[in-house]
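Engineer: Please read through the structure below; I'll follow up with questions.
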Amino acid sequence: MGARRNSHKAEQLASDLGLHLDSKAKGTYLLLAKLDRSRQLCVGKLGIYPFPSGWYAYAGSAMGSGGLSARLARHLRAEKRMHWHIDYLLAAAELRASWHIVATARLECAWAGALMGLVNAQIIVRRFGASDCRCHAHLIYLGDGPRYQEISEVLASASRDQGIADALRLLTCTRY
Ligand SMILES: [Zn+2]
């Protein structure tokens with residue numbers, strides 16, 4: 001996990017992490033993080049919530065100039081100013097994996113909705129990561145176990161429903 005404190009440029013860090021992304025590639029990503037013990041966490045203006053220990057999935061997209069590599073590198077960096085809701089969770093939890101797909105369509109709402117179909121999926125904080133859409137939340141609590149293959153299949157299926165025919169091939173999972 002030494003790379004977490006890397007001060008290289010975001011692109012270099014993304015490359016070091018094996019993300020193999022074009023520096024300007026835009027798309028949608030999912031983070032999978034593990035919280036080792038139950039904790040009360042402040043989520044910015046949303047307030048303080050009890051977060052049970054276990055696995056959390058967070059869906060987002062990176063359509064700005066930095067693209068996916070800069071965004072994923074930022075999520076992996078330990079030291080940063082708190083800006084997004086997910087920053088507060090990642091200050092306490094350990095990022096274990098990410099999925100990403102390079103596509104111009106924003107898929108994070110579809111992905112978050114689809115993950116709610118997994119066994120034991122729950123929303124812990126309403127509106128978490130979903131300030132600008134009508135989703136209940138973009139952070140889904142998955143209980144115990146990462147179930148990588150199941151998550152890949154759910155994301156690919158949800159992406160196909162959004163018109164990305166070869167979604168399973170385009171979807172990349174990276175473990176940290
Ligand atoms: Zn949404």
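Labels for the structure tokens follow display order: chains A, B, ..., residues from 1 in each chain, ligands from 1.
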So which residues are near ligand 1, meaning at most 7 Å away with only C-alpha atoms and all ligand atoms counted, given back as a list of chain:residue names?
Structural biologist: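 Taking only C-alpha atoms and all ligand atoms into account, the residues around ligand 1 at most 7 Å away are A:Glu108, A:Cys109, A:Ala130, A:Cys133, A:Arg134, A:Cys135, A:Ala137, A:His138.
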Engineer: Could you write out that same residue set with N, CA and C atoms as an mmCIF file, in the first residue's frame?
Structural biologist:
data_model
loop_
_atom_site.group_PDB
_atom_site.id
_atom_site.type_symbol
_atom_site.label_atom_id
_atom_site.label_comp_id
_atom_site.auth_asym_id
_atom_site.auth_seq_id
_atom_site.Cartn_x
_atom_site.Cartn_y
_atom_site.Cartn_z
ATOM 1 N N GLU A 108 -23.236 5.491 -13.471
ATOM 2 C CA GLU A 108 -23.181 5.270 -12.023
ATOM 3 C C GLU A 108 -24.548 5.062 -11.382
ATOM 4 N N CYS A 109 -25.577 5.724 -11.900
ATOM 5 C CA CYS A 109 -26.913 5.542 -11.322
ATOM 6 C C CYS A 109 -27.416 4.117 -11.592
ATOM 7 N N ALA A 130 -25.121 11.090 -4.087
ATOM 8 C CA ALA A 130 -26.244 11.233 -5.024
ATOM 9 C C ALA A 130 -26.944 12.575 -4.805
ATOM 10 N N CYS A 133 -28.757 13.635 -8.515
ATOM 11 C CA CYS A 133 -29.604 12.705 -9.282
ATOM 12 C C CYS A 133 -30.728 12.248 -8.354
ATOM 13 N N ARG A 134 -31.534 11.320 -8.848
ATOM 14 C CA ARG A 134 -32.685 10.900 -8.056
ATOM 15 C C ARG A 134 -32.481 9.559 -7.375
ATOM 16 N N CYS A 135 -31.262 9.063 -7.370
ATOM 17 C CA CYS A 135 -30.959 7.806 -6.674
ATOM 18 C C CYS A 135 -31.110 7.992 -5.160
ATOM 19 N N ALA A 137 -28.969 6.553 -3.151
ATOM 20 C CA ALA A 137 -27.557 6.734 -2.785
ATOM 21 C C ALA A 137 -26.683 6.077 -3.830
ATOM 22 N N HIS A 138 -25.426 6.519 -3.908
ATOM 23 C CA HIS A 138 -24.443 5.849 -4.766
ATOM 24 C C HIS A 138 -23.489 5.003 -3.935
#
Engineer: Please give the complete set of residues from segment 16-75 of chain A that DSSP, run on the backbone, assigns to strand (DSSP E), formatted as a list in words.
Structural biologist: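 After running DSSP on the backbone, segment 16-75 of chain A has strand (DSSP E) at Gly27, Thr28, Tyr29, Leu30, Leu31, Leu32, Ala33, Lys34, Leu35, Arg39, Gln40, Leu41, Cys42, Ile48, Tyr49, Pro50, Phe51, Gly54, Trp55, Tyr56, Ala57, Tyr58, Ala59, Gly60, Ser61 and Ala62 of chain A.
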Engineer: Write out as a PyMOL selection string the residues lying within 7 Å of segment 160-170 of chain A, counting only C-alpha atoms and excluding same-chain residues fewer than 3 positions away.
Structural biologist: chain A and resi 101+156-157
Engineer: Using only C-alpha atoms, which residues of segment 31-68 of chain A come within 9 Å of segment 110-126 of chain A, and what is the closest atom pair for each, with the distance in Å to one decimal? Give it as CSV, sorted by chain and residue number.
Structural biologist:
residue,atom,partner,partner_atom,distance
A:Val43,CA,A:Val125,CA,8.9
A:Leu46,CA,A:Val125,CA,8.2
A:Tyr49,CA,A:Val125,CA,7.2
A:Pro50,CA,A:Ile124,CA,8.1
A:Phe51,CA,A:Ile124,CA,7.0
A:Pro52,CA,A:Ile124,CA,8.6
A:Ala57,CA,A:Ala112,CA,8.3
A:Tyr58,CA,A:Ala112,CA,7.5
A:Ala59,CA,A:Ala112,CA,6.0
A:Gly60,CA,A:Ala112,CA,8.9
Engineer: Determine the nearest neighbour of Trp99 of chain A from the options A:Ser69, A:Asp36, A:Ile86, A:Gly129, counting only C-alpha atoms.
Structural biologist: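 That would be A:Ser69, the residue with the smallest distance to Trp99 of chain A.
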Engineer: Measuring between only C-alpha atoms, which one of A:Gly27, A:Thr172, A:Lys45, A:His136 shows the shortest distance to Gln149 of chain A?
Structural biologist: A:Thr172
